[in-house]
$ cat protein.pdb   # PDB, C-alpha atoms and all ligand atoms
MODEL        1
ATOM      1  CA  MET T   1      52.135 -14.810  35.655  1.00  0.00           C
ATOM      2  CA  ILE T   2      49.698 -13.222  33.180  1.00  0.00           C
ATOM      3  CA  ARG T   3      51.133 -11.373  30.233  1.00  0.00           C
ATOM      4  CA  PHE T   4      49.046  -9.908  27.410  1.00  0.00           C
ATOM      5  CA  GLU T   5      50.932  -8.544  24.413  1.00  0.00           C
ATOM      6  CA  ASN T   6      48.792  -6.428  22.119  1.00  0.00           C
ATOM      7  CA  ILE T   7      45.713  -8.620  22.486  1.00  0.00           C
ATOM      8  CA  HIS T   8      42.826  -8.054  20.081  1.00  0.00           C
ATOM      9  CA  LYS T   9      39.472  -9.775  20.028  1.00  0.00           C
ATOM     10  CA  ILE T  10      37.372  -8.992  17.018  1.00  0.00           C
ATOM     11  CA  TYR T  11      33.859 -10.301  16.532  1.00  0.00           C
ATOM     12  CA  ASN T  12      32.466 -10.274  13.042  1.00  0.00           C
ATOM     13  CA  MET T  13      28.766  -9.640  13.074  1.00  0.00           C
ATOM     14  CA  GLY T  14      27.991  -9.838   9.359  1.00  0.00           C
ATOM     15  CA  GLU T  15      29.106  -6.499   7.976  1.00  0.00           C
ATOM     16  CA  ASN T  16      29.859  -5.067  11.386  1.00  0.00           C
ATOM     17  CA  GLU T  17      33.141  -5.708  13.054  1.00  0.00           C
ATOM     18  CA  VAL T  18      33.182  -5.386  16.853  1.00  0.00           C
ATOM     19  CA  ARG T  19      36.607  -4.706  18.347  1.00  0.00           C
ATOM     20  CA  ALA T  20      35.824  -6.039  21.810  1.00  0.00           C
ATOM     21  CA  LEU T  21      39.531  -5.843  22.771  1.00  0.00           C
ATOM     22  CA  ASP T  22      41.636  -3.434  20.791  1.00  0.00           C
ATOM     23  CA  GLY T  23      45.308  -3.822  21.666  1.00  0.00           C
ATOM     24  CA  ILE T  24      45.588  -4.746  25.350  1.00  0.00           C
ATOM     25  CA  THR T  25      49.078  -5.071  26.831  1.00  0.00           C
ATOM     26  CA  LEU T  26      49.078  -6.081  30.458  1.00  0.00           C
ATOM     27  CA  ASP T  27      51.110  -7.862  33.126  1.00  0.00           C
ATOM     28  CA  ILE T  28      49.574  -9.263  36.268  1.00  0.00           C
ATOM     29  CA  ARG T  29      51.962 -10.731  38.779  1.00  0.00           C
ATOM     30  CA  GLU T  30      51.608 -13.482  41.319  1.00  0.00           C
ATOM     31  CA  LYS T  31      49.778 -12.487  44.537  1.00  0.00           C
ATOM     32  CA  GLU T  32      48.274  -9.355  43.004  1.00  0.00           C
ATOM     33  CA  MET T  33      44.652  -8.410  43.514  1.00  0.00           C
ATOM     34  CA  ALA T  34      43.602  -6.447  40.459  1.00  0.00           C
ATOM     35  CA  ALA T  35      40.213  -5.093  39.460  1.00  0.00           C
ATOM     36  CA  ILE T  36      39.304  -4.627  35.820  1.00  0.00           C
ATOM     37  CA  ILE T  37      36.638  -1.968  35.536  1.00  0.00           C
ATOM     38  CA  GLY T  38      34.753  -0.312  32.713  1.00  0.00           C
ATOM     39  CA  GLN T  39      31.301   0.431  31.422  1.00  0.00           C
ATOM     40  CA  SER T  40      28.936  -2.126  29.985  1.00  0.00           C
ATOM     41  CA  GLY T  41      30.254  -3.313  26.626  1.00  0.00           C
ATOM     42  CA  SER T  42      33.801  -2.043  27.266  1.00  0.00           C
ATOM     43  CA  GLY T  43      35.285  -5.545  26.947  1.00  0.00           C
ATOM     44  CA  LYS T  44      35.623  -6.736  30.562  1.00  0.00           C
ATOM     45  CA  SER T  45      34.046 -10.160  30.114  1.00  0.00           C
ATOM     46  CA  THR T  46      35.871 -10.671  26.830  1.00  0.00           C
ATOM     47  CA  CYS T  47      39.113  -9.928  28.670  1.00  0.00           C
ATOM     48  CA  MET T  48      38.223 -12.317  31.493  1.00  0.00           C
ATOM     49  CA  ASN T  49      37.291 -15.060  29.028  1.00  0.00           C
ATOM     50  CA  ILE T  50      40.704 -14.818  27.433  1.00  0.00           C
ATOM     51  CA  ILE T  51      42.571 -14.613  30.762  1.00  0.00           C
ATOM     52  CA  GLY T  52      40.514 -17.612  31.890  1.00  0.00           C
ATOM     53  CA  CYS T  53      41.330 -19.664  28.772  1.00  0.00           C
ATOM     54  CA  LEU T  54      37.647 -19.835  27.895  1.00  0.00           C
ATOM     55  CA  ASP T  55      38.394 -18.105  24.610  1.00  0.00           C
ATOM     56  CA  VAL T  56      41.433 -17.204  22.521  1.00  0.00           C
ATOM     57  CA  PRO T  57      42.419 -13.811  21.101  1.00  0.00           C
ATOM     58  CA  THR T  58      42.032 -12.957  17.425  1.00  0.00           C
ATOM     59  CA  GLU T  59      45.482 -11.360  17.514  1.00  0.00           C
ATOM     60  CA  GLY T  60      48.282 -10.907  20.021  1.00  0.00           C
ATOM     61  CA  LYS T  61      50.074 -13.121  22.501  1.00  0.00           C
ATOM     62  CA  TYR T  62      48.919 -14.392  25.865  1.00  0.00           C
ATOM     63  CA  TYR T  63      51.501 -15.971  28.169  1.00  0.00           C
ATOM     64  CA  LEU T  64      50.155 -17.721  31.252  1.00  0.00           C
ATOM     65  CA  ASN T  65      52.838 -18.772  33.728  1.00  0.00           C
ATOM     66  CA  GLY T  66      55.348 -18.372  30.926  1.00  0.00           C
ATOM     67  CA  ARG T  67      53.492 -20.576  28.452  1.00  0.00           C
ATOM     68  CA  ASP T  68      52.091 -19.197  25.206  1.00  0.00           C
ATOM     69  CA  VAL T  69      48.387 -20.055  25.338  1.00  0.00           C
ATOM     70  CA  SER T  70      47.286 -17.718  22.522  1.00  0.00           C
ATOM     71  CA  ASP T  71      46.165 -20.356  20.099  1.00  0.00           C
ATOM     72  CA  LEU T  72      45.689 -23.616  21.899  1.00  0.00           C
ATOM     73  CA  LYS T  73      42.926 -26.044  21.013  1.00  0.00           C
ATOM     74  CA  ASP T  74      39.816 -26.436  23.176  1.00  0.00           C
ATOM     75  CA  ASP T  75      41.018 -29.558  24.988  1.00  0.00           C
ATOM     76  CA  GLU T  76      44.376 -27.969  25.786  1.00  0.00           C
ATOM     77  CA  LEU T  77      42.630 -24.849  27.090  1.00  0.00           C
ATOM     78  CA  ALA T  78      40.356 -27.021  29.237  1.00  0.00           C
ATOM     79  CA  GLU T  79      43.338 -28.743  30.775  1.00  0.00           C
ATOM     80  CA  ILE T  80      44.967 -25.422  31.649  1.00  0.00           C
ATOM     81  CA  ARG T  81      41.699 -24.158  33.123  1.00  0.00           C
ATOM     82  CA  ASN T  82      41.389 -27.196  35.361  1.00  0.00           C
ATOM     83  CA  LYS T  83      44.963 -26.934  36.573  1.00  0.00           C
ATOM     84  CA  THR T  84      45.435 -23.208  36.879  1.00  0.00           C
ATOM     85  CA  LEU T  85      42.212 -21.234  37.191  1.00  0.00           C
ATOM     86  CA  GLY T  86      39.291 -20.879  39.566  1.00  0.00           C
ATOM     87  CA  PHE T  87      36.146 -19.055  38.451  1.00  0.00           C
ATOM     88  CA  ILE T  88      33.535 -17.085  40.359  1.00  0.00           C
ATOM     89  CA  PHE T  89      30.530 -15.745  38.447  1.00  0.00           C
ATOM     90  CA  GLN T  90      27.787 -13.235  39.147  1.00  0.00           C
ATOM     91  CA  GLN T  91      25.097 -15.910  38.972  1.00  0.00           C
ATOM     92  CA  TYR T  92      27.180 -18.445  40.959  1.00  0.00           C
ATOM     93  CA  ASN T  93      26.740 -21.112  38.220  1.00  0.00           C
ATOM     94  CA  LEU T  94      26.262 -23.935  40.707  1.00  0.00           C
ATOM     95  CA  ILE T  95      24.850 -27.182  39.325  1.00  0.00           C
ATOM     96  CA  PRO T  96      21.233 -27.283  40.625  1.00  0.00           C
ATOM     97  CA  LYS T  97      21.040 -31.096  40.755  1.00  0.00           C
ATOM     98  CA  LEU T  98      24.181 -31.483  42.854  1.00  0.00           C
ATOM     99  CA  ASN T  99      24.343 -30.686  46.550  1.00  0.00           C
ATOM    100  CA  VAL T 100      26.839 -28.224  48.007  1.00  0.00           C
ATOM    101  CA  LEU T 101      29.553 -30.795  48.669  1.00  0.00           C
ATOM    102  CA  GLU T 102      29.192 -32.317  45.184  1.00  0.00           C
ATOM    103  CA  ASN T 103      29.372 -28.897  43.558  1.00  0.00           C
ATOM    104  CA  VAL T 104      32.610 -28.135  45.365  1.00  0.00           C
ATOM    105  CA  GLU T 105      34.013 -31.554  44.455  1.00  0.00           C
ATOM    106  CA  LEU T 106      33.411 -31.013  40.753  1.00  0.00           C
ATOM    107  CA  PRO T 107      36.737 -29.358  39.798  1.00  0.00           C
ATOM    108  CA  LEU T 108      38.478 -32.190  41.644  1.00  0.00           C
ATOM    109  CA  VAL T 109      36.564 -34.761  39.610  1.00  0.00           C
ATOM    110  CA  TYR T 110      37.895 -33.078  36.465  1.00  0.00           C
ATOM    111  CA  LYS T 111      41.374 -33.163  37.942  1.00  0.00           C
ATOM    112  CA  GLY T 112      41.081 -36.894  38.545  1.00  0.00           C
ATOM    113  CA  VAL T 113      41.363 -36.678  42.349  1.00  0.00           C
ATOM    114  CA  LEU T 114      40.137 -39.805  44.155  1.00  0.00           C
ATOM    115  CA  GLU T 115      36.752 -39.624  45.895  1.00  0.00           C
ATOM    116  CA  LYS T 116      38.038 -39.858  49.457  1.00  0.00           C
ATOM    117  CA  ASP T 117      40.544 -37.072  48.889  1.00  0.00           C
ATOM    118  CA  ARG T 118      37.894 -35.029  47.082  1.00  0.00           C
ATOM    119  CA  ILE T 119      35.626 -35.103  50.098  1.00  0.00           C
ATOM    120  CA  ASP T 120      38.463 -34.091  52.435  1.00  0.00           C
ATOM    121  CA  ILE T 121      39.480 -31.161  50.235  1.00  0.00           C
ATOM    122  CA  ALA T 122      35.869 -30.068  49.631  1.00  0.00           C
ATOM    123  CA  MET T 123      35.131 -30.106  53.373  1.00  0.00           C
ATOM    124  CA  GLU T 124      38.256 -28.098  54.074  1.00  0.00           C
ATOM    125  CA  VAL T 125      37.344 -25.322  51.621  1.00  0.00           C
ATOM    126  CA  LEU T 126      33.709 -25.323  52.766  1.00  0.00           C
ATOM    127  CA  LYS T 127      34.993 -24.743  56.304  1.00  0.00           C
ATOM    128  CA  LYS T 128      37.199 -21.970  55.030  1.00  0.00           C
ATOM    129  CA  VAL T 129      34.219 -20.112  53.562  1.00  0.00           C
ATOM    130  CA  GLY T 130      32.226 -20.874  56.707  1.00  0.00           C
ATOM    131  CA  ILE T 131      29.465 -22.951  55.194  1.00  0.00           C
ATOM    132  CA  GLU T 132      30.326 -26.566  55.950  1.00  0.00           C
ATOM    133  CA  GLU T 133      27.033 -27.121  57.796  1.00  0.00           C
ATOM    134  CA  LYS T 134      25.228 -26.673  54.444  1.00  0.00           C
ATOM    135  CA  ARG T 135      27.184 -29.434  52.731  1.00  0.00           C
ATOM    136  CA  ASN T 136      24.095 -31.576  52.091  1.00  0.00           C
ATOM    137  CA  SER T 137      21.839 -28.703  50.973  1.00  0.00           C
ATOM    138  CA  MET T 138      20.881 -28.101  47.376  1.00  0.00           C
ATOM    139  CA  PRO T 139      21.873 -24.732  45.849  1.00  0.00           C
ATOM    140  CA  SER T 140      18.208 -23.672  45.600  1.00  0.00           C
ATOM    141  CA  GLN T 141      17.922 -23.956  49.402  1.00  0.00           C
ATOM    142  CA  LEU T 142      20.641 -21.339  49.986  1.00  0.00           C
ATOM    143  CA  SER T 143      20.616 -17.539  50.027  1.00  0.00           C
ATOM    144  CA  GLY T 144      22.529 -15.638  47.352  1.00  0.00           C
ATOM    145  CA  GLY T 145      25.434 -14.914  49.688  1.00  0.00           C
ATOM    146  CA  GLN T 146      25.623 -18.565  50.714  1.00  0.00           C
ATOM    147  CA  GLN T 147      25.564 -19.681  47.078  1.00  0.00           C
ATOM    148  CA  GLN T 148      28.389 -17.282  46.294  1.00  0.00           C
ATOM    149  CA  ARG T 149      30.382 -18.724  49.202  1.00  0.00           C
ATOM    150  CA  VAL T 150      29.870 -22.192  47.765  1.00  0.00           C
ATOM    151  CA  SER T 151      31.059 -20.968  44.398  1.00  0.00           C
ATOM    152  CA  ILE T 152      34.157 -19.448  46.060  1.00  0.00           C
ATOM    153  CA  ALA T 153      34.768 -22.796  47.781  1.00  0.00           C
ATOM    154  CA  ARG T 154      34.446 -24.509  44.410  1.00  0.00           C
ATOM    155  CA  ALA T 155      36.943 -22.070  42.890  1.00  0.00           C
ATOM    156  CA  LEU T 156      39.378 -22.753  45.752  1.00  0.00           C
ATOM    157  CA  ALA T 157      38.988 -26.540  45.693  1.00  0.00           C
ATOM    158  CA  GLY T 158      41.214 -27.020  42.679  1.00  0.00           C
ATOM    159  CA  ASN T 159      43.970 -24.957  44.392  1.00  0.00           C
ATOM    160  CA  PRO T 160      44.230 -22.656  41.367  1.00  0.00           C
ATOM    161  CA  SER T 161      47.103 -20.249  40.878  1.00  0.00           C
ATOM    162  CA  ILE T 162      44.641 -17.541  39.742  1.00  0.00           C
ATOM    163  CA  ILE T 163      41.084 -16.795  40.853  1.00  0.00           C
ATOM    164  CA  LEU T 164      38.929 -14.928  38.339  1.00  0.00           C
ATOM    165  CA  ALA T 165      35.715 -13.293  39.481  1.00  0.00           C
ATOM    166  CA  ASP T 166      33.293 -11.639  37.021  1.00  0.00           C
ATOM    167  CA  GLU T 167      30.932  -9.311  38.931  1.00  0.00           C
ATOM    168  CA  PRO T 168      31.013 -11.583  42.011  1.00  0.00           C
ATOM    169  CA  THR T 169      28.834  -9.201  44.015  1.00  0.00           C
ATOM    170  CA  GLY T 170      26.535  -8.201  41.160  1.00  0.00           C
ATOM    171  CA  ALA T 171      23.605 -10.273  42.389  1.00  0.00           C
ATOM    172  CA  LEU T 172      24.112  -9.605  46.111  1.00  0.00           C
ATOM    173  CA  ASP T 173      22.819  -6.896  48.444  1.00  0.00           C
ATOM    174  CA  THR T 174      25.398  -4.345  49.596  1.00  0.00           C
ATOM    175  CA  LYS T 175      26.138  -5.928  52.966  1.00  0.00           C
ATOM    176  CA  THR T 176      26.477  -9.486  51.665  1.00  0.00           C
ATOM    177  CA  GLY T 177      28.523  -8.175  48.750  1.00  0.00           C
ATOM    178  CA  GLN T 178      30.906  -6.472  51.199  1.00  0.00           C
ATOM    179  CA  GLU T 179      31.320  -9.721  53.125  1.00  0.00           C
ATOM    180  CA  VAL T 180      32.142 -11.624  49.956  1.00  0.00           C
ATOM    181  CA  LEU T 181      34.662  -8.929  48.957  1.00  0.00           C
ATOM    182  CA  GLU T 182      36.281  -8.934  52.376  1.00  0.00           C
ATOM    183  CA  PHE T 183      36.631 -12.672  52.086  1.00  0.00           C
ATOM    184  CA  MET T 184      38.293 -12.279  48.690  1.00  0.00           C
ATOM    185  CA  GLN T 185      40.687  -9.709  50.185  1.00  0.00           C
ATOM    186  CA  GLN T 186      41.528 -12.219  52.897  1.00  0.00           C
ATOM    187  CA  LEU T 187      42.252 -14.865  50.251  1.00  0.00           C
ATOM    188  CA  ASN T 188      44.553 -12.384  48.530  1.00  0.00           C
ATOM    189  CA  GLU T 189      46.362 -11.672  51.795  1.00  0.00           C
ATOM    190  CA  GLU T 190      46.889 -15.410  52.132  1.00  0.00           C
ATOM    191  CA  GLY T 191      48.734 -15.339  48.802  1.00  0.00           C
ATOM    192  CA  ASN T 192      46.072 -15.978  46.159  1.00  0.00           C
ATOM    193  CA  THR T 193      46.213 -14.037  42.903  1.00  0.00           C
ATOM    194  CA  ILE T 194      42.790 -12.521  42.284  1.00  0.00           C
ATOM    195  CA  ILE T 195      41.373 -10.744  39.267  1.00  0.00           C
ATOM    196  CA  LEU T 196      38.053  -9.095  39.831  1.00  0.00           C
ATOM    197  CA  ILE T 197      35.835  -7.733  37.085  1.00  0.00           C
ATOM    198  CA  THR T 198      33.280  -5.106  37.961  1.00  0.00           C
ATOM    199  CA  HIS T 199      31.586  -1.963  36.747  1.00  0.00           C
ATOM    200  CA  ASP T 200      31.232  -0.785  40.373  1.00  0.00           C
ATOM    201  CA  MET T 201      33.982   1.550  41.621  1.00  0.00           C
ATOM    202  CA  LEU T 202      33.169   0.754  45.267  1.00  0.00           C
ATOM    203  CA  VAL T 203      33.864  -2.900  44.549  1.00  0.00           C
ATOM    204  CA  ALA T 204      37.017  -2.126  42.560  1.00  0.00           C
ATOM    205  CA  GLU T 205      38.437  -0.056  45.427  1.00  0.00           C
ATOM    206  CA  LYS T 206      38.883  -3.267  47.420  1.00  0.00           C
ATOM    207  CA  ALA T 207      41.611  -4.267  44.981  1.00  0.00           C
ATOM    208  CA  LYS T 208      45.150  -2.943  45.247  1.00  0.00           C
ATOM    209  CA  ARG T 209      45.314  -2.301  41.534  1.00  0.00           C
ATOM    210  CA  ILE T 210      42.644  -0.873  39.254  1.00  0.00           C
ATOM    211  CA  ILE T 211      42.757  -1.338  35.493  1.00  0.00           C
ATOM    212  CA  ARG T 212      40.145   0.631  33.571  1.00  0.00           C
ATOM    213  CA  ILE T 213      39.026  -0.460  30.110  1.00  0.00           C
ATOM    214  CA  SER T 214      37.091   1.652  27.648  1.00  0.00           C
ATOM    215  CA  ASP T 215      36.199   0.536  24.112  1.00  0.00           C
ATOM    216  CA  GLY T 216      38.530  -2.428  24.376  1.00  0.00           C
ATOM    217  CA  LYS T 217      41.563  -0.378  25.437  1.00  0.00           C
ATOM    218  CA  ILE T 218      43.243   0.193  28.790  1.00  0.00           C
ATOM    219  CA  VAL T 219      42.766   3.855  29.666  1.00  0.00           C
ATOM    220  CA  GLU T 220      44.068   3.742  33.245  1.00  0.00           C
ATOM    221  CA  ASP T 221      46.168   1.316  35.289  1.00  0.00           C
ATOM    222  CA  SER T 222      47.050   2.201  38.866  1.00  0.00           C
ATOM    223  CA  GLY T 223      49.540  -0.664  39.097  1.00  0.00           C
ATOM    224  CA  ARG T 224      51.385  -0.268  35.853  1.00  0.00           C
ATOM    225  CA  GLU T 225      54.534   1.208  37.407  1.00  0.00           C
ATOM    226  CA  ALA T 226      54.557  -1.339  40.202  1.00  0.00           C
ATOM    227  CA  ALA T 227      54.157  -4.155  37.710  1.00  0.00           C
ATOM    228  CA  LYS T 228      57.313  -3.333  35.817  1.00  0.00           C
TER     229      LYS T 228
HETATM  230  N1  LIG T 301      30.076 -13.459  21.133  1.00  0.00           N
HETATM  231  C1  LIG T 301      30.026 -12.173  20.719  1.00  0.00           C
HETATM  232  N2  LIG T 301      29.713 -11.875  19.453  1.00  0.00           N
HETATM  233  C2  LIG T 301      29.703 -10.593  19.031  1.00  0.00           C
HETATM  234  N3  LIG T 301      29.977  -9.534  19.808  1.00  0.00           N
HETATM  235  C3  LIG T 301      30.289  -9.771  21.084  1.00  0.00           C
HETATM  236  C4  LIG T 301      30.321 -11.102  21.618  1.00  0.00           C
HETATM  237  N4  LIG T 301      30.668 -11.034  22.943  1.00  0.00           N
HETATM  238  C5  LIG T 301      30.821  -9.720  23.202  1.00  0.00           C
HETATM  239  N5  LIG T 301      30.589  -8.961  22.101  1.00  0.00           N
HETATM  240  C6  LIG T 301      30.709  -7.499  22.010  1.00  0.00           C
HETATM  241  O1  LIG T 301      31.991  -7.127  22.498  1.00  0.00           O
HETATM  242  C7  LIG T 301      31.918  -5.947  23.261  1.00  0.00           C
HETATM  243  C8  LIG T 301      32.467  -6.206  24.661  1.00  0.00           C
HETATM  244  O2  LIG T 301      31.597  -7.119  25.362  1.00  0.00           O
HETATM  245  P1  LIG T 301      31.858  -7.612  26.832  1.00  0.00           P
HETATM  246  O3  LIG T 301      30.869  -8.684  27.126  1.00  0.00           O
HETATM  247  O4  LIG T 301      33.291  -7.961  26.971  1.00  0.00           O
HETATM  248  O5  LIG T 301      31.537  -6.309  27.689  1.00  0.00           O
HETATM  249  P2  LIG T 301      31.511  -6.096  29.276  1.00  0.00           P
HETATM  250  O6  LIG T 301      32.481  -5.014  29.553  1.00  0.00           O
HETATM  251  O7  LIG T 301      31.703  -7.395  29.964  1.00  0.00           O
HETATM  252  O8  LIG T 301      30.030  -5.553  29.521  1.00  0.00           O
HETATM  253  P3  LIG T 301      29.022  -5.809  30.777  1.00  0.00           P
HETATM  254  O9  LIG T 301      29.448  -4.863  31.861  1.00  0.00           O
HETATM  255  O10 LIG T 301      27.699  -5.404  30.196  1.00  0.00           O
HETATM  256  O11 LIG T 301      29.090  -7.231  31.166  1.00  0.00           O
HETATM  257  C9  LIG T 301      30.454  -5.516  23.246  1.00  0.00           C
HETATM  258  O12 LIG T 301      30.299  -4.541  22.235  1.00  0.00           O
HETATM  259  C10 LIG T 301      29.722  -6.781  22.893  1.00  0.00           C
HETATM  260  O13 LIG T 301      28.527  -6.504  22.217  1.00  0.00           O
HETATM  261 MG    MG T 302      30.482  -8.574  31.238  1.00  0.00          MG
ENDMDL
END
$ encode --input "protein.pdb" --output "structure tokens" --more "lines below"
Ligand SMILES: Nc1ncnc2c1ncn2[C@@H]1O[C@H](COP(=O)(O)OP(=O)(O)OP(=O)(O)O)[C@@H](O)[C@H]1O
Ligand SMILES: [Mg+2]
Amino acid sequence: MIRFENIHKIYNMGENEVRALDGITLDIREKEMAAIIGQSGSGKSTCMNIIGCLDVPTEGKYYLNGRDVSDLKDDELAEIRNKTLGFIFQQYNLIPKLNVLENVELPLVYKGVLEKDRIDIAMEVLKKVGIEEKRNSMPSQLSGGQQQRVSIARALAGNPSIILADEPTGALDTKTGQEVLEFMQQLNEEGNTIILITHDMLVAEKAKRIIRISDGKIVEDSGREAAK
């Protein structure tokens, strides 16, 4: 489903070259729940941005569902994102001027789904995350945990084949963070492929597979044998 072959991402900061990813080879299969962990600056977000087709590698090949997406143009990447990927971020990234229902509908707007169907799908995923009674609220009227649930609903609305979460519990208290993680485990048990990025080992332990990155390289992968 996800295959990285010797992926490099190099940023040129004037004279200084930053090797944010330095030769990553990785396979993540359908229905896996994998955590990518590592210290600040190790390359986790860079890795997620490439997996999520938000950025392309400097070198190496990335195959997503069998398709080479290593050097597509921005509009082609956007199309793949809309069709294939759901994103969950630390700061939720909800649109402040849209209410909960409208936020969840947004990926469906990009997909060209008709309004009536959008509302049905959005209500269904809001029910799934247990927050349908807040459908008319604005994001600013919700707690952090509620906002993260809305952002999970938004990620689910497009029925993505992969859900990517970058520090999804980073802004939440421990208890709310646990609830969000348990919900993500449940989604995985229902057959969703989930990739979780975190620097917190307690969060990572919720995943079946842990991939540790250091200085842009994989230094540990608990699922490597299983993935072969
Ligand atoms: N746009 C950029 N331009 C230049 N350097 C960058 C850019 N984005 C990231 N880097 C560098 O690449 C390296 C990896 O950054 P990245 O954001 O992937 O780390 P991270 O593991 O997500 O860290 P954190 O846990 O702090 O979020 C860092 O040294 C960072 O400074
Ligand atoms: Mg990061």
$ resolve_selection --input "protein.pdb" --expression "the PyMOL selection byres (((chain T and resi 202-204) around 10) and not hetatm)" --output "NGL selection string"
:T and (33-37 or 167-170 or 174 or 177-178 or 181 or 196-201 or 205-212)
$ resolve_selection --input "protein.pdb" --expression "the PyMOL selection byres (((not hetatm)) within 7 of (chain T and resi 301))" --output "ChimeraX atom specification"
/T:11-13,18-20,38-47,199
$ residues_near_point --input "protein.pdb" --point "(37.7, -37.6, 45.4)" --cutoff "12 Å" --atoms "all atoms listed in the file" --output "JSON, numbers by chain"
{"T": [101, 102, 104, 105, 106, 107, 108, 109, 110, 111, 112, 113, 114, 115, 116, 117, 118, 119, 120, 121, 122, 123, 157, 158]}
$ closest_residue --input "protein.pdb" --among "T:Phe89, T:Leu126, T:Ser143, T:Ile194" --to "ligand MG 302 (chain T)" --atoms "all atoms listed in the file"
T:Phe89
$ closest_residue --input "protein.pdb" --among "T:Gln91, T:Gln148, T:Ser70, T:Thr193" --to "Ile162 in chain T" --atoms "all atoms listed in the file"
T:Thr193
$ build_atoms --input "protein.pdb" --residues "range 83-98 of chain T" --atoms "N, CA and C atoms" --output "PDB file, in the frame of the given file"
ATOM      1  N   LYS T  83      43.750 -26.938  35.747  1.00  0.00           N
ATOM      2  CA  LYS T  83      44.963 -26.934  36.573  1.00  0.00           C
ATOM      3  C   LYS T  83      45.237 -25.592  37.222  1.00  0.00           C
ATOM      4  N   THR T  84      44.874 -24.508  36.525  1.00  0.00           N
ATOM      5  CA  THR T  84      45.435 -23.208  36.879  1.00  0.00           C
ATOM      6  C   THR T  84      44.433 -22.189  37.389  1.00  0.00           C
ATOM      7  N   LEU T  85      43.159 -22.334  36.984  1.00  0.00           N
ATOM      8  CA  LEU T  85      42.212 -21.234  37.191  1.00  0.00           C
ATOM      9  C   LEU T  85      41.005 -21.646  38.017  1.00  0.00           C
ATOM     10  N   GLY T  86      40.542 -20.699  38.838  1.00  0.00           N
ATOM     11  CA  GLY T  86      39.291 -20.879  39.566  1.00  0.00           C
ATOM     12  C   GLY T  86      38.355 -19.749  39.191  1.00  0.00           C
ATOM     13  N   PHE T  87      37.085 -20.065  38.944  1.00  0.00           N
ATOM     14  CA  PHE T  87      36.146 -19.055  38.451  1.00  0.00           C
ATOM     15  C   PHE T  87      35.029 -18.777  39.452  1.00  0.00           C
ATOM     16  N   ILE T  88      34.687 -17.490  39.562  1.00  0.00           N
ATOM     17  CA  ILE T  88      33.535 -17.085  40.359  1.00  0.00           C
ATOM     18  C   ILE T  88      32.688 -16.184  39.457  1.00  0.00           C
ATOM     19  N   PHE T  89      31.398 -16.501  39.360  1.00  0.00           N
ATOM     20  CA  PHE T  89      30.530 -15.745  38.447  1.00  0.00           C
ATOM     21  C   PHE T  89      29.437 -15.004  39.215  1.00  0.00           C
ATOM     22  N   GLN T  90      28.881 -14.012  38.550  1.00  0.00           N
ATOM     23  CA  GLN T  90      27.787 -13.235  39.147  1.00  0.00           C
ATOM     24  C   GLN T  90      26.619 -14.133  39.561  1.00  0.00           C
ATOM     25  N   GLN T  91      26.259 -15.053  38.687  1.00  0.00           N
ATOM     26  CA  GLN T  91      25.097 -15.910  38.972  1.00  0.00           C
ATOM     27  C   GLN T  91      25.507 -17.257  39.588  1.00  0.00           C
ATOM     28  N   TYR T  92      26.653 -17.300  40.203  1.00  0.00           N
ATOM     29  CA  TYR T  92      27.180 -18.445  40.959  1.00  0.00           C
ATOM     30  C   TYR T  92      27.467 -19.673  40.088  1.00  0.00           C
ATOM     31  N   ASN T  93      26.552 -19.952  39.117  1.00  0.00           N
ATOM     32  CA  ASN T  93      26.740 -21.112  38.220  1.00  0.00           C
ATOM     33  C   ASN T  93      26.951 -22.427  38.959  1.00  0.00           C
ATOM     34  N   LEU T  94      26.221 -22.627  40.050  1.00  0.00           N
ATOM     35  CA  LEU T  94      26.262 -23.935  40.707  1.00  0.00           C
ATOM     36  C   LEU T  94      25.367 -24.895  39.925  1.00  0.00           C
ATOM     37  N   ILE T  95      25.669 -26.183  40.032  1.00  0.00           N
ATOM     38  CA  ILE T  95      24.850 -27.182  39.325  1.00  0.00           C
ATOM     39  C   ILE T  95      23.642 -27.494  40.210  1.00  0.00           C
ATOM     40  N   PRO T  96      22.421 -27.181  39.755  1.00  0.00           N
ATOM     41  CA  PRO T  96      21.233 -27.283  40.625  1.00  0.00           C
ATOM     42  C   PRO T  96      20.973 -28.691  41.136  1.00  0.00           C
ATOM     43  N   LYS T  97      21.355 -29.716  40.360  1.00  0.00           N
ATOM     44  CA  LYS T  97      21.040 -31.096  40.755  1.00  0.00           C
ATOM     45  C   LYS T  97      22.064 -31.696  41.696  1.00  0.00           C
ATOM     46  N   LEU T  98      23.157 -30.982  41.926  1.00  0.00           N
ATOM     47  CA  LEU T  98      24.181 -31.483  42.854  1.00  0.00           C
ATOM     48  C   LEU T  98      24.085 -30.717  44.168  1.00  0.00           C
TER      49      LEU T  98
END
